[in-house]
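Notes follow the structure.
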Amino acid sequence: MMTAPETSATGSDTTPNDPRLPRHVVPSHYDIHLAPRIPDAAFTGFVSIDVALTETTSEIVFNAAELTIESVTINRADQSVSPAWRLDDLAERIHLDLETPMAAGPATIAISFAGILNDQLRGFYRSTFTDDDGVEHTIATSQMQSTDARRAFPCWDEPEWKATYTTTLDVDADHLAVSNASIVQETVLDNGLRRVEFAETMKMSTYLVAFVVGPLEATEPVDAGGVPVRVVHRPGQGHLTTFALDVAVHALSWFQEYYDIPYPGDKVDLIAVPDFAFGAMENLGCVTFRDVLLVIDPATASQPELQRAADVINHELAHMWFGDLVTMQWWEGIWLNEAFATFMEIACSDAYRPDWRVWDTFGRMRSMAFDVDSLCATRAIEYPVHSPEEAEGMFDILTYEKGASVLRMLEQHIGPDVFRDGVRRYLKTHAYKNTETTDLWDALEAASGEPVRTMMDGWIYQGGHPVIDVEDTPHGVRVSQSQFTLDPEAADDRRWSVPLAIAHGEGTARLLLTDRATVLTGISEPKTANAGGAGFFRTKLSPDTTVSTLTSDFAAASPADRHTLVDDAWALTVAGRWEATDFVAVARACADDDDLNVWQAVSAGLSDIAHILEGDALVAFQGVVRDIARPAFDRVGIEPGAYDDDRTRERRATLVRLLGVTGADAALIDASAGLLDHADASLAAAALTVATHHGDESMYQQVHAAWQAADTPQSEVRNLRALANFPSVDMVNWLVDEILDGTVRTQDGPYVLRNALHNREAGEKVWQRIKDNWDDINRRFPSNSLSRMLEGITALDTDSGVADVAAFLAENPVPQGEKQIEQLQERQRINAALRARESRRLSRSLT
């Protein structure tokens with residue numbers, strides 16, 4: 001390695017604080033050749049990069065991290081130069097210093113290098129699995145997003161620098177090798193390895209490059225409108241791939257029709273990776289997943305597990321166009337990729353299984369986005385990004401769920417067909433290019449004739465959302481907007497362009513509210529300002545009006561509206577605008593309801609109320625819960641009917657959890673242990689939740705054994721996460737021990753700890769264990785998962801818990817999740833305020 005003092009690049013328009021690479025060298029093609037040595041956790045490589053110098057320069061700067069550079073040559077038609085190079089480990093860059101400035105024109109940079117197959121689930125990394133005979137196997141796989149391609153090969157590792165790629169892998173003779181494109185040639189080498197050469201990809205960003213190597217198997221390809229689709233999996237799991245293949249074939253056909261553009265690659269491989277930090281990754285043609293989302297037995301998976309798998313497969317395949325074919329210019333635009341893919345996953349899943357009513361279920365996802373966006377620490381959907389840590393922090397609920405929610409609101413406002421036409425225009429105009437948010441608004445404006453940019457800027461570039469106050473006055477219906485926050489004192493004077501659908505006695509009035517308030521004449525008896533539930537805002541109604549609306553003919557015809565009313569009611573309660581007893585009255589008004597999502601919203605609120613109660617008040621409240629939920633449960637019954645649809649089965653499961661956990665229903669607690677192996681997977685999963693919340697050591701050992709002996713990924717995850725429920729500090733400590741000693745995979749450990757922090761009896765002890773082992777957790781867990789683990793701190797909702805968490809995180813910051821941690825700590829304080837405000841008041845009313 002050559003070192004020299006830091007200097008600026010001749011001709012570069014970058015500055016010392018500019019996070020982006022200099023713009024005077026433009027890559028166009030990479031020829032990548034890698035030889036992974038899996039037993040040694042290492043690889044060697046060679047990359048040849050075709051570039052264009054746009055002006056004379058004496059320095060070329062691009063990205064490299066955790067690589068050993070062995071040689072660098074710059075070749076042109078008339079010269080070959082071996083420049084000095086130096087690595088900037090902090091900036092993750094390599095600088096090539098040219099003794100003689102090189103003139104503008106084409107060149108090829110050839111680099112030999114070596115790297116490690118790391119265990120951090122990023123870049124080019126190792127993943128292990130144990131086969132049916134107990135033998136451990138290791139594969140090499142990749143995860144490049146956001147900025148980890150630089151750990152696999154030197155490159156311009158920013159989304160703007162799109163290029164084509166050809167990949168060659170030298171692998172063991174019996175190993176499967178997969179990359180972004182189809183195999184064009186395989187050769188057996190003299191050393192016994194097999195050289196696998198792949199076709200050239202389309203023009204795309206570095207974060208989409210992928211390769212997977214190891215003792216894996218692939219299904220026979222299935223045709224999806226001329227596109228071959230396979231699932232790559234561990235040996236012996238081929239029989240668990242039919243569901244994923246069916247979803248993928250439907251999705252590819254559906255997306256090609258929706259976008260009116262053929263699939264941009266030459267094949268699709270869906271790859272089940274044993275260790276994976278994210279849910280899935282949209283690498284063109286080589287889409288990687290956690291195996292729980294791809295390897296599925298529909299006969300033993302619950303409806304939420306099936307829908308989650310379908311949603312994620314659809315999400316990743318939606319990206320092949322929106323994200324891969326057309327890509328954001330810089331990481332601050334990642335919301336457009338992810339929000340749109342979330343929107344499209346739901347639309348595609350809804351087309352795949354209309355009986356699931358996926359848009360209604362999306363109301364629960366939107367509720368989670370509301371929860372974060374109601375905080376002072378919320379952020380704009382799009383905001384400036386300066387570092388890899390900030391880019392990693394963009395992958396949150398505001399990017400995905402809020403972003404998808406505002407797109408759904410826009411689609412419903414301008415009309416689904418017009419929205420689709422605008423999307424087609426956008427994709428065809430910008431294919432193989434990079435875009436900014438305004439490019440989509442321009443395409444939608446052209447298709448609709450509506451002022452889309454003006455309407456949407458307030459939703460994208462400022463955080464928060466409004467609450468709409470609807471009042472029936474002598475002069476008409478007054479509609480006003482203000483910012484909704486869980487801390488009412490924190491709201492400011494921001495406002496939005498809000499598409500309202502006001503249900504009233506004569507029908508539905510639609511308008512775009514841009515002023516602070518307006519008065520509508522000719523209508524009366526307003527029910528809600530969000531008829532249909534597509535708007536990303538809360539509606540402020542009184543408790544009495546909410547109860548009467550829930551039991552009205554209007555609400556009876558619309559489960560989505562009933563869900564929105566209940567969800568808004570709980571938000572108003574957390575914000576202190578209602579009392580907890582008001583929400584209980586709303587829950588009672590739902591006693592005759594038979595909709596899944598309504599009961600999920602009721603259950604969420606009642607469970608949170610139970611969390612803040614203790615002793616006799618808790619026992620009394622459990623009786624209230626049983627009174628509310630038992631009639632609905634009795635209507636559906638414990639045993640599934642022959643004609644029950646998926647939503648009915650999941651409603652039964654929701655009521656079992658509500659009664660068995662929150663309501664401490666003795667009959668269901670006693671019955672739960674006998675239902676763990678029920679043929680109805682939704683009922684079995686609910687029974688597992690109840691049994692583990694009340695279980696003893698014998699039950700712990702039973703569930704622990706089921707986790708270790710699981711024959712599907714869904715059973716494995718279901719039983720592992722249930723171990724965090726047991727009402728015993730000792731038992732939860734056993735689980736934490738296995739997380740810390742590596743028995744639990746690092747991809748799963750953070751999520752199990754998150755669940756354990758919510759454990760009423762053991763949460764404080766789990767937090768102490770996390771603090772005591774913080775350095776080891778930081779070293780071993782994927783960096784993106786730490787903020788997910790810390791979601792559990794919101795359950796430590798006492799004054800002492802708030803103070804302890806604040807002191808610890810002040811001394812131990814999480815830079816890649818700084819904004820999420822700020823949000824979680826604020827929500828912890830909000831929850832503590834709810835406990836302080838309501839627990840004593842509610843206790844007095846109950847005892």
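Letters A, B, ... go to the chains of the structure tokens in the order shown; residues in each chain start at 1; ligands are counted from 1 in the same order.
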
Near-Gln256 of chain A list (9 Å; only C-alpha atoms; drop same-chain fewer than 6 positions) as a ChimeraX atom specification: /A:225,262-263

Test item: residues at most 7 Å from segment 615-618 of chain A, only C-alpha atoms, excluding those fewer than 6 positions along its chain, as a PyMOL selection string: chain A and resi 843+846-847

Suppose we keep all heavy atoms; can you now write the selection as a PDB file, in the first residue's frame?
ATOM      1  N   SER A 843     -57.554   2.703  37.632  1.00  0.00           N
ATOM      2  CA  SER A 843     -57.611   1.774  38.767  1.00  0.00           C
ATOM      3  C   SER A 843     -58.756   2.123  39.702  1.00  0.00           C
ATOM      4  O   SER A 843     -59.464   1.236  40.210  1.00  0.00           O
ATOM      5  CB  SER A 843     -56.282   1.794  39.528  1.00  0.00           C
ATOM      6  OG  SER A 843     -55.231   1.301  38.721  1.00  0.00           O
ATOM      7  N   LEU A 846     -61.998   0.900  38.419  1.00  0.00           N
ATOM      8  CA  LEU A 846     -62.128  -0.551  38.295  1.00  0.00           C
ATOM      9  C   LEU A 846     -62.269  -1.249  39.645  1.00  0.00           C
ATOM     10  O   LEU A 846     -62.754  -2.386  39.703  1.00  0.00           O
ATOM     11  CB  LEU A 846     -60.900  -1.119  37.563  1.00  0.00           C
ATOM     12  CG  LEU A 846     -60.801  -0.809  36.069  1.00  0.00           C
ATOM     13  CD1 LEU A 846     -59.406  -1.148  35.547  1.00  0.00           C
ATOM     14  CD2 LEU A 846     -61.852  -1.591  35.280  1.00  0.00           C
ATOM     15  N   THR A 847     -61.812  -0.619  40.709  1.00  0.00           N
ATOM     16  CA  THR A 847     -61.785  -1.308  42.010  1.00  0.00           C
ATOM     17  C   THR A 847     -62.593  -0.555  43.061  1.00  0.00           C
ATOM     18  O   THR A 847     -63.070   0.545  42.842  1.00  0.00           O
ATOM     19  CB  THR A 847     -60.333  -1.463  42.487  1.00  0.00           C
ATOM     20  OG1 THR A 847     -59.725  -0.172  42.563  1.00  0.00           O
ATOM     21  CG2 THR A 847     -59.541  -2.330  41.548  1.00  0.00           C
TER      22      THR A 847
END

Shell around segment 90-100 of chain A at 8 Å using only C-alpha atoms, local window under 3 positions removed, as a ChimeraX atom specification: /A:58-65,83-87,150

Next, write the just-selected residues to a file, as a PDB file, in the first residue's frame, keeping N, CA, C and O atoms as the atom set.
ATOM      1  N   SER A  58      -5.273  14.231 -12.270  1.00  0.00           N
ATOM      2  CA  SER A  58      -4.109  13.567 -11.695  1.00  0.00           C
ATOM      3  C   SER A  58      -4.496  12.652 -10.550  1.00  0.00           C
ATOM      4  O   SER A  58      -3.626  12.064  -9.909  1.00  0.00           O
ATOM      5  N   GLU A  59      -5.801  12.530 -10.285  1.00  0.00           N
ATOM      6  CA  GLU A  59      -6.253  11.652  -9.210  1.00  0.00           C
ATOM      7  C   GLU A  59      -7.600  11.056  -9.584  1.00  0.00           C
ATOM      8  O   GLU A  59      -8.490  11.744 -10.088  1.00  0.00           O
ATOM      9  N   ILE A  60      -7.761   9.762  -9.295  1.00  0.00           N
ATOM     10  CA  ILE A  60      -9.033   9.061  -9.481  1.00  0.00           C
ATOM     11  C   ILE A  60      -9.434   8.496  -8.128  1.00  0.00           C
ATOM     12  O   ILE A  60      -8.632   7.818  -7.469  1.00  0.00           O
ATOM     13  N   VAL A  61     -10.658   8.776  -7.713  1.00  0.00           N
ATOM     14  CA  VAL A  61     -11.127   8.386  -6.379  1.00  0.00           C
ATOM     15  C   VAL A  61     -12.407   7.579  -6.514  1.00  0.00           C
ATOM     16  O   VAL A  61     -13.339   7.989  -7.203  1.00  0.00           O
ATOM     17  N   PHE A  62     -12.444   6.432  -5.854  1.00  0.00           N
ATOM     18  CA  PHE A  62     -13.665   5.637  -5.798  1.00  0.00           C
ATOM     19  C   PHE A  62     -13.662   4.868  -4.483  1.00  0.00           C
ATOM     20  O   PHE A  62     -12.905   5.207  -3.570  1.00  0.00           O
ATOM     21  N   ASN A  63     -14.515   3.852  -4.340  1.00  0.00           N
ATOM     22  CA  ASN A  63     -14.719   3.224  -3.028  1.00  0.00           C
ATOM     23  C   ASN A  63     -14.053   1.862  -2.918  1.00  0.00           C
ATOM     24  O   ASN A  63     -14.053   1.063  -3.848  1.00  0.00           O
ATOM     25  N   ALA A  64     -13.522   1.605  -1.729  1.00  0.00           N
ATOM     26  CA  ALA A  64     -13.018   0.280  -1.359  1.00  0.00           C
ATOM     27  C   ALA A  64     -12.973   0.232   0.162  1.00  0.00           C
ATOM     28  O   ALA A  64     -12.631   1.226   0.810  1.00  0.00           O
ATOM     29  N   ALA A  65     -13.366  -0.911   0.730  1.00  0.00           N
ATOM     30  CA  ALA A  65     -13.365  -1.058   2.189  1.00  0.00           C
ATOM     31  C   ALA A  65     -13.064  -2.508   2.533  1.00  0.00           C
ATOM     32  O   ALA A  65     -13.579  -3.430   1.891  1.00  0.00           O
ATOM     33  N   PRO A  83      -0.418   3.355 -11.253  1.00  0.00           N
ATOM     34  CA  PRO A  83      -0.384   4.507 -10.345  1.00  0.00           C
ATOM     35  C   PRO A  83      -0.102   4.078  -8.904  1.00  0.00           C
ATOM     36  O   PRO A  83      -0.310   2.915  -8.523  1.00  0.00           O
ATOM     37  N   ALA A  84       0.361   5.025  -8.140  1.00  0.00           N
ATOM     38  CA  ALA A  84       0.397   4.810  -6.688  1.00  0.00           C
ATOM     39  C   ALA A  84      -1.035   4.838  -6.171  1.00  0.00           C
ATOM     40  O   ALA A  84      -1.893   5.515  -6.723  1.00  0.00           O
ATOM     41  N   TRP A  85      -1.288   4.056  -5.127  1.00  0.00           N
ATOM     42  CA  TRP A  85      -2.637   4.082  -4.554  1.00  0.00           C
ATOM     43  C   TRP A  85      -2.544   4.184  -3.037  1.00  0.00           C
ATOM     44  O   TRP A  85      -1.533   3.823  -2.425  1.00  0.00           O
ATOM     45  N   ARG A  86      -3.587   4.700  -2.465  1.00  0.00           N
ATOM     46  CA  ARG A  86      -3.659   4.803  -1.015  1.00  0.00           C
ATOM     47  C   ARG A  86      -5.115   4.618  -0.600  1.00  0.00           C
ATOM     48  O   ARG A  86      -6.037   5.066  -1.287  1.00  0.00           O
ATOM     49  N   LEU A  87      -5.307   3.957   0.501  1.00  0.00           N
ATOM     50  CA  LEU A  87      -6.636   3.680   1.027  1.00  0.00           C
ATOM     51  C   LEU A  87      -6.955   4.620   2.178  1.00  0.00           C
ATOM     52  O   LEU A  87      -6.125   4.813   3.075  1.00  0.00           O
ATOM     53  N   ARG A 150     -18.550  -2.049  -1.919  1.00  0.00           N
ATOM     54  CA  ARG A 150     -17.131  -1.698  -1.782  1.00  0.00           C
ATOM     55  C   ARG A 150     -16.369  -2.711  -0.937  1.00  0.00           C
ATOM     56  O   ARG A 150     -15.129  -2.722  -0.961  1.00  0.00           O
TER      57      ARG A 150
END

So that I can check the surroundings of segment 720-730 of chain A, please list as an mmCIF file with C-alpha atoms, in the first residue's frame every protein, DNA and RNA residue that reaches within 10 Å of it, counting only C-alpha atoms and ignoring chain neighbours fewer than 3 positions away.
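Produced file result_18.cif, reproduced below:
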data_model
loop_
_atom_site.group_PDB
_atom_site.id
_atom_site.type_symbol
_atom_site.label_atom_id
_atom_site.label_comp_id
_atom_site.auth_asym_id
_atom_site.auth_seq_id
_atom_site.Cartn_x
_atom_site.Cartn_y
_atom_site.Cartn_z
ATOM 1 C CA ALA A 685 -49.888 -19.925 16.669
ATOM 2 C CA LEU A 688 -48.629 -20.879 21.504
ATOM 3 C CA THR A 689 -48.783 -17.206 22.479
ATOM 4 C CA VAL A 690 -51.268 -17.917 25.272
ATOM 5 C CA ALA A 691 -49.464 -21.021 26.531
ATOM 6 C CA THR A 692 -46.086 -19.285 26.729
ATOM 7 C CA HIS A 693 -47.456 -16.198 28.486
ATOM 8 C CA HIS A 694 -48.720 -18.462 31.276
ATOM 9 C CA GLY A 695 -46.359 -21.430 30.978
ATOM 10 C CA ASP A 696 -44.080 -23.127 33.481
ATOM 11 C CA GLU A 697 -40.629 -24.662 33.077
ATOM 12 C CA MET A 699 -43.790 -25.743 28.829
ATOM 13 C CA TYR A 700 -40.580 -23.772 28.276
ATOM 14 C CA GLN A 701 -38.666 -26.976 27.592
ATOM 15 C CA VAL A 703 -41.353 -24.965 23.186
ATOM 16 C CA HIS A 704 -37.554 -24.861 23.254
ATOM 17 C CA ALA A 705 -37.428 -28.385 21.850
ATOM 18 C CA ALA A 706 -39.971 -27.448 19.175
ATOM 19 C CA TRP A 707 -37.770 -24.519 18.151
ATOM 20 C CA GLN A 708 -34.689 -26.682 17.785
ATOM 21 C CA ALA A 710 -38.586 -27.294 13.698
ATOM 22 C CA GLN A 714 -41.969 -20.581 10.143
ATOM 23 C CA SER A 715 -42.161 -23.091 12.993
ATOM 24 C CA GLU A 716 -38.585 -22.269 13.974
ATOM 25 C CA VAL A 717 -39.205 -18.520 14.181
ATOM 26 C CA ASN A 733 -32.532 -15.429 31.251
ATOM 27 C CA TRP A 734 -31.947 -18.892 29.762
ATOM 28 C CA LEU A 735 -33.096 -17.512 26.435
ATOM 29 C CA VAL A 736 -30.863 -14.441 26.706
ATOM 30 C CA VAL A 744 -29.638 -18.086 18.448
ATOM 31 C CA ASP A 748 -32.809 -13.390 15.009
ATOM 32 C CA GLY A 749 -31.268 -12.353 18.331
ATOM 33 C CA TYR A 751 -35.818 -9.359 17.495
ATOM 34 C CA VAL A 752 -36.070 -11.897 20.304
ATOM 35 C CA LEU A 753 -34.491 -9.408 22.709
ATOM 36 C CA ARG A 754 -36.983 -6.790 21.536
ATOM 37 C CA ASN A 755 -39.830 -9.149 22.427
ATOM 38 C CA ALA A 756 -38.226 -9.996 25.769
ATOM 39 C CA LEU A 757 -38.038 -6.301 26.704
ATOM 40 C CA HIS A 758 -41.850 -6.285 26.510
ATOM 41 C CA ASN A 759 -42.072 -9.118 29.048
ATOM 42 C CA ARG A 760 -43.922 -7.733 32.097
ATOM 43 C CA GLU A 761 -41.932 -9.818 34.601
ATOM 44 C CA ALA A 762 -38.522 -9.940 32.924
ATOM 45 C CA GLY A 763 -38.217 -6.781 30.788
ATOM 46 C CA GLU A 764 -36.116 -4.799 33.261
ATOM 47 C CA LYS A 765 -33.725 -7.730 33.742
ATOM 48 C CA VAL A 766 -33.389 -8.153 29.980
#

Which segment 16-118 of chain A residues have any atom within 10 Å of an atom of segment 134-138 of chain A, and for each, what is the nearest pair of atoms with distance in Å to one decimal, counting only C-alpha atoms, rows sorted by chain and number, as a Markdown table?
| residue | atom | partner | partner_atom | distance |
| --- | --- | --- | --- | --- |
| A:Ile38 | CA | A:Thr138 | CA | 7.0 |
| A:Pro39 | CA | A:Thr138 | CA | 7.9 |
| A:Ala41 | CA | A:Thr138 | CA | 9.5 |

Residues near Arg364 of chain A, cut-off 12 Å, only C-alpha atoms, skip fewer than 6 positions along chain, as a compact mmCIF listing (two decimals) with all heavy atoms, in the first residue's frame:
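Result written to out.txt:
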# COMPACT_ATOMS: atom_id res chain seq x y z
N VAL A 358 -56.17 -7.24 1.44
CA VAL A 358 -54.86 -6.74 1.88
C VAL A 358 -54.87 -5.23 2.10
O VAL A 358 -54.19 -4.73 3.01
CB VAL A 358 -53.78 -7.14 0.86
CG1 VAL A 358 -52.41 -6.68 1.32
CG2 VAL A 358 -53.77 -8.65 0.67
N PHE A 370 -48.30 5.99 11.70
CA PHE A 370 -48.88 7.08 12.49
C PHE A 370 -48.18 7.21 13.83
O PHE A 370 -47.88 8.32 14.30
CB PHE A 370 -50.36 6.81 12.75
CG PHE A 370 -51.31 7.24 11.66
CD1 PHE A 370 -52.35 6.42 11.28
CD2 PHE A 370 -51.18 8.47 11.04
CE1 PHE A 370 -53.25 6.81 10.29
CE2 PHE A 370 -52.06 8.87 10.05
CZ PHE A 370 -53.11 8.05 9.68
N ASP A 371 -47.93 6.08 14.49
CA ASP A 371 -47.35 6.10 15.83
C ASP A 371 -46.01 6.84 15.85
O ASP A 371 -45.72 7.62 16.77
CB ASP A 371 -47.16 4.68 16.36
CG ASP A 371 -48.46 4.03 16.77
OD1 ASP A 371 -49.47 4.73 16.86
OD2 ASP A 371 -48.45 2.80 16.99
N GLU A 401 -43.77 2.51 5.33
CA GLU A 401 -45.21 2.53 5.57
C GLU A 401 -45.82 3.92 5.41
O GLU A 401 -46.90 4.05 4.81
CB GLU A 401 -45.53 1.97 6.96
CG GLU A 401 -45.56 0.45 6.99
CD GLU A 401 -44.19 -0.19 6.98
OE1 GLU A 401 -43.19 0.53 7.22
OE2 GLU A 401 -44.09 -1.42 6.75
N LYS A 402 -45.18 4.97 5.93
CA LYS A 402 -45.75 6.29 5.69
C LYS A 402 -45.67 6.65 4.21
O LYS A 402 -46.62 7.18 3.63
CB LYS A 402 -45.06 7.37 6.52
CG LYS A 402 -45.72 8.74 6.30
CD LYS A 402 -45.05 9.90 7.02
CE LYS A 402 -45.77 11.21 6.67
NZ LYS A 402 -45.12 12.39 7.31
N SER A 405 -48.31 4.94 2.41
CA SER A 405 -49.62 5.48 2.79
C SER A 405 -49.94 6.75 2.02
O SER A 405 -51.08 6.94 1.55
CB SER A 405 -49.66 5.76 4.29
OG SER A 405 -49.52 4.58 5.05
N GLY A 533 -60.87 5.23 4.55
CA GLY A 533 -59.64 5.04 5.32
C GLY A 533 -58.36 5.20 4.55
O GLY A 533 -57.30 4.77 5.02
N ALA A 560 -63.35 -1.01 6.85
CA ALA A 560 -62.17 -0.12 6.85
C ALA A 560 -62.45 1.13 7.66
O ALA A 560 -61.57 1.62 8.40
CB ALA A 560 -61.78 0.24 5.43
N HIS A 563 -62.43 0.25 11.39
CA HIS A 563 -61.05 0.13 11.87
C HIS A 563 -60.43 1.50 12.09
O HIS A 563 -59.76 1.75 13.10
CB HIS A 563 -60.20 -0.66 10.87
CG HIS A 563 -58.73 -0.60 11.18
ND1 HIS A 563 -57.89 0.35 10.63
CD2 HIS A 563 -57.96 -1.34 12.03
CE1 HIS A 563 -56.68 0.18 11.11
NE2 HIS A 563 -56.69 -0.83 11.96
N THR A 564 -60.64 2.42 11.14
CA THR A 564 -60.06 3.76 11.27
C THR A 564 -60.60 4.47 12.50
O THR A 564 -59.85 5.14 13.23
CB THR A 564 -60.35 4.58 10.01
OG1 THR A 564 -59.76 3.92 8.87
CG2 THR A 564 -59.78 5.98 10.11
N VAL A 566 -61.65 3.11 15.33
CA VAL A 566 -61.05 2.52 16.54
C VAL A 566 -59.59 2.94 16.66
O VAL A 566 -59.11 3.29 17.76
CB VAL A 566 -61.18 0.99 16.51
CG1 VAL A 566 -60.47 0.37 17.72
CG2 VAL A 566 -62.65 0.57 16.50
N ASP A 567 -58.87 2.91 15.55
CA ASP A 567 -57.46 3.27 15.58
C ASP A 567 -57.27 4.73 15.96
O ASP A 567 -56.40 5.07 16.77
CB ASP A 567 -56.84 2.99 14.20
CG ASP A 567 -55.33 3.00 14.24
OD1 ASP A 567 -54.75 2.32 15.11
OD2 ASP A 567 -54.71 3.70 13.41
N ASP A 568 -58.10 5.62 15.41
CA ASP A 568 -58.05 7.02 15.81
C ASP A 568 -58.38 7.19 17.29
O ASP A 568 -57.78 8.03 17.99
CB ASP A 568 -59.02 7.84 14.98
CG ASP A 568 -58.55 8.08 13.55
OD1 ASP A 568 -57.39 7.77 13.24
OD2 ASP A 568 -59.35 8.59 12.74
N LEU A 596 -61.80 -8.76 11.18
CA LEU A 596 -60.46 -9.05 11.70
C LEU A 596 -59.73 -7.79 12.11
O LEU A 596 -59.22 -7.68 13.23
CB LEU A 596 -59.65 -9.81 10.65
CG LEU A 596 -58.13 -9.92 10.88
CD1 LEU A 596 -57.82 -10.66 12.16
CD2 LEU A 596 -57.47 -10.58 9.68
N ASN A 597 -59.63 -6.81 11.21
CA ASN A 597 -58.80 -5.64 11.48
C ASN A 597 -59.37 -4.77 12.58
O ASN A 597 -58.63 -4.15 13.34
CB ASN A 597 -58.59 -4.84 10.21
CG ASN A 597 -57.96 -5.66 9.09
OD1 ASN A 597 -58.52 -5.78 8.01
ND2 ASN A 597 -56.82 -6.28 9.38
N VAL A 598 -60.70 -4.72 12.70
CA VAL A 598 -61.31 -4.01 13.82
C VAL A 598 -60.88 -4.63 15.14
O VAL A 598 -60.46 -3.93 16.08
CB VAL A 598 -62.84 -4.00 13.69
CG1 VAL A 598 -63.49 -3.46 14.97
CG2 VAL A 598 -63.28 -3.17 12.49
N TRP A 599 -60.92 -5.95 15.21
CA TRP A 599 -60.53 -6.62 16.45
C TRP A 599 -59.03 -6.51 16.72
O TRP A 599 -58.60 -6.46 17.87
CB TRP A 599 -61.00 -8.08 16.46
CG TRP A 599 -62.42 -8.17 16.90
CD1 TRP A 599 -63.52 -8.44 16.14
CD2 TRP A 599 -62.90 -7.92 18.23
NE1 TRP A 599 -64.66 -8.39 16.91
CE2 TRP A 599 -64.31 -8.07 18.20
CE3 TRP A 599 -62.29 -7.59 19.43
CZ2 TRP A 599 -65.10 -7.91 19.33
CZ3 TRP A 599 -63.08 -7.41 20.56
CH2 TRP A 599 -64.46 -7.57 20.51
N GLN A 600 -58.23 -6.44 15.67
CA GLN A 600 -56.80 -6.21 15.88
C GLN A 600 -56.56 -4.83 16.51
O GLN A 600 -55.72 -4.69 17.40
CB GLN A 600 -56.05 -6.35 14.56
CG GLN A 600 -55.94 -7.79 14.07
CD GLN A 600 -55.35 -7.89 12.68
OE1 GLN A 600 -55.50 -6.99 11.86
NE2 GLN A 600 -54.69 -9.01 12.39
N ALA A 601 -57.31 -3.82 16.05
CA ALA A 601 -57.17 -2.48 16.63
C ALA A 601 -57.69 -2.44 18.06
O ALA A 601 -57.07 -1.82 18.95
CB ALA A 601 -57.90 -1.46 15.76
N VAL A 602 -58.82 -3.09 18.32
CA VAL A 602 -59.35 -3.16 19.68
C VAL A 602 -58.35 -3.86 20.59
O VAL A 602 -58.06 -3.40 21.71
CB VAL A 602 -60.71 -3.90 19.69
CG1 VAL A 602 -61.13 -4.23 21.13
CG2 VAL A 602 -61.78 -3.06 19.00
N SER A 603 -57.82 -4.98 20.13
CA SER A 603 -56.88 -5.76 20.93
C SER A 603 -55.63 -4.96 21.27
O SER A 603 -55.13 -5.00 22.40
CB SER A 603 -56.50 -7.04 20.18
OG SER A 603 -55.57 -7.79 20.91
N ALA A 604 -55.12 -4.20 20.29
CA ALA A 604 -53.91 -3.42 20.53
C ALA A 604 -54.13 -2.40 21.64
O ALA A 604 -53.30 -2.25 22.54
CB ALA A 604 -53.48 -2.72 19.24

For Ala517 of chain A, the nearest of the candidates A:Val470, A:Thr545, A:Asp592, A:Asp132, counting only C-alpha atoms: A:Val470

Counting only C-alpha atoms, which residues of segment 451-507 of chain A sit at most 12 Å from some atom of segment 819-839 of chain A, and what is each one's closest atom pair with its distance in Å to one decimal, listed by chain and rising residue number, as a Markdown table?
| residue | atom | partner | partner_atom | distance |
| --- | --- | --- | --- | --- |
| A:Thr485 | CA | A:Ile830 | CA | 10.5 |
| A:Leu486 | CA | A:Ile830 | CA | 7.1 |
| A:Asp487 | CA | A:Ile830 | CA | 7.3 |
| A:Pro488 | CA | A:Ile830 | CA | 10.9 |

Give me a file of those residues, with all heavy atoms, as a tab-separated table (two decimals), in the first residue's frame.
chain	number	residue	atom	x	y	z
A	485	THR	N	-50.04	15.37	17.31
A	485	THR	CA	-48.87	14.85	18.04
A	485	THR	C	-49.35	14.14	19.29
A	485	THR	O	-50.38	14.49	19.86
A	485	THR	CB	-47.91	15.98	18.44
A	485	THR	OG1	-48.62	16.95	19.21
A	485	THR	CG2	-47.30	16.65	17.22
A	486	LEU	N	-48.60	13.14	19.70
A	486	LEU	CA	-48.94	12.43	20.94
A	486	LEU	C	-48.69	13.30	22.16
A	486	LEU	O	-49.24	13.04	23.24
A	486	LEU	CB	-48.16	11.13	21.02
A	486	LEU	CG	-48.53	10.09	19.96
A	486	LEU	CD1	-47.66	8.84	20.10
A	486	LEU	CD2	-50.01	9.71	20.04
A	487	ASP	N	-47.86	14.31	22.00
A	487	ASP	CA	-47.70	15.35	23.01
A	487	ASP	C	-48.41	16.59	22.47
A	487	ASP	O	-47.83	17.33	21.66
A	487	ASP	CB	-46.23	15.64	23.26
A	487	ASP	CG	-46.02	16.77	24.27
A	487	ASP	OD1	-47.03	17.32	24.76
A	487	ASP	OD2	-44.85	17.10	24.56
A	488	PRO	N	-49.66	16.85	22.85
A	488	PRO	CA	-50.43	17.93	22.24
A	488	PRO	C	-49.76	19.29	22.35
A	488	PRO	O	-50.01	20.18	21.52
A	488	PRO	CB	-51.76	17.90	23.02
A	488	PRO	CG	-51.86	16.51	23.55
A	488	PRO	CD	-50.45	16.10	23.85

Shell around Leu675 of chain A at 12 Å using only C-alpha atoms, local window under 4 positions removed, as an NGL selection string: :A and (638-639 or 653 or 656 or 668-671 or 679-691)
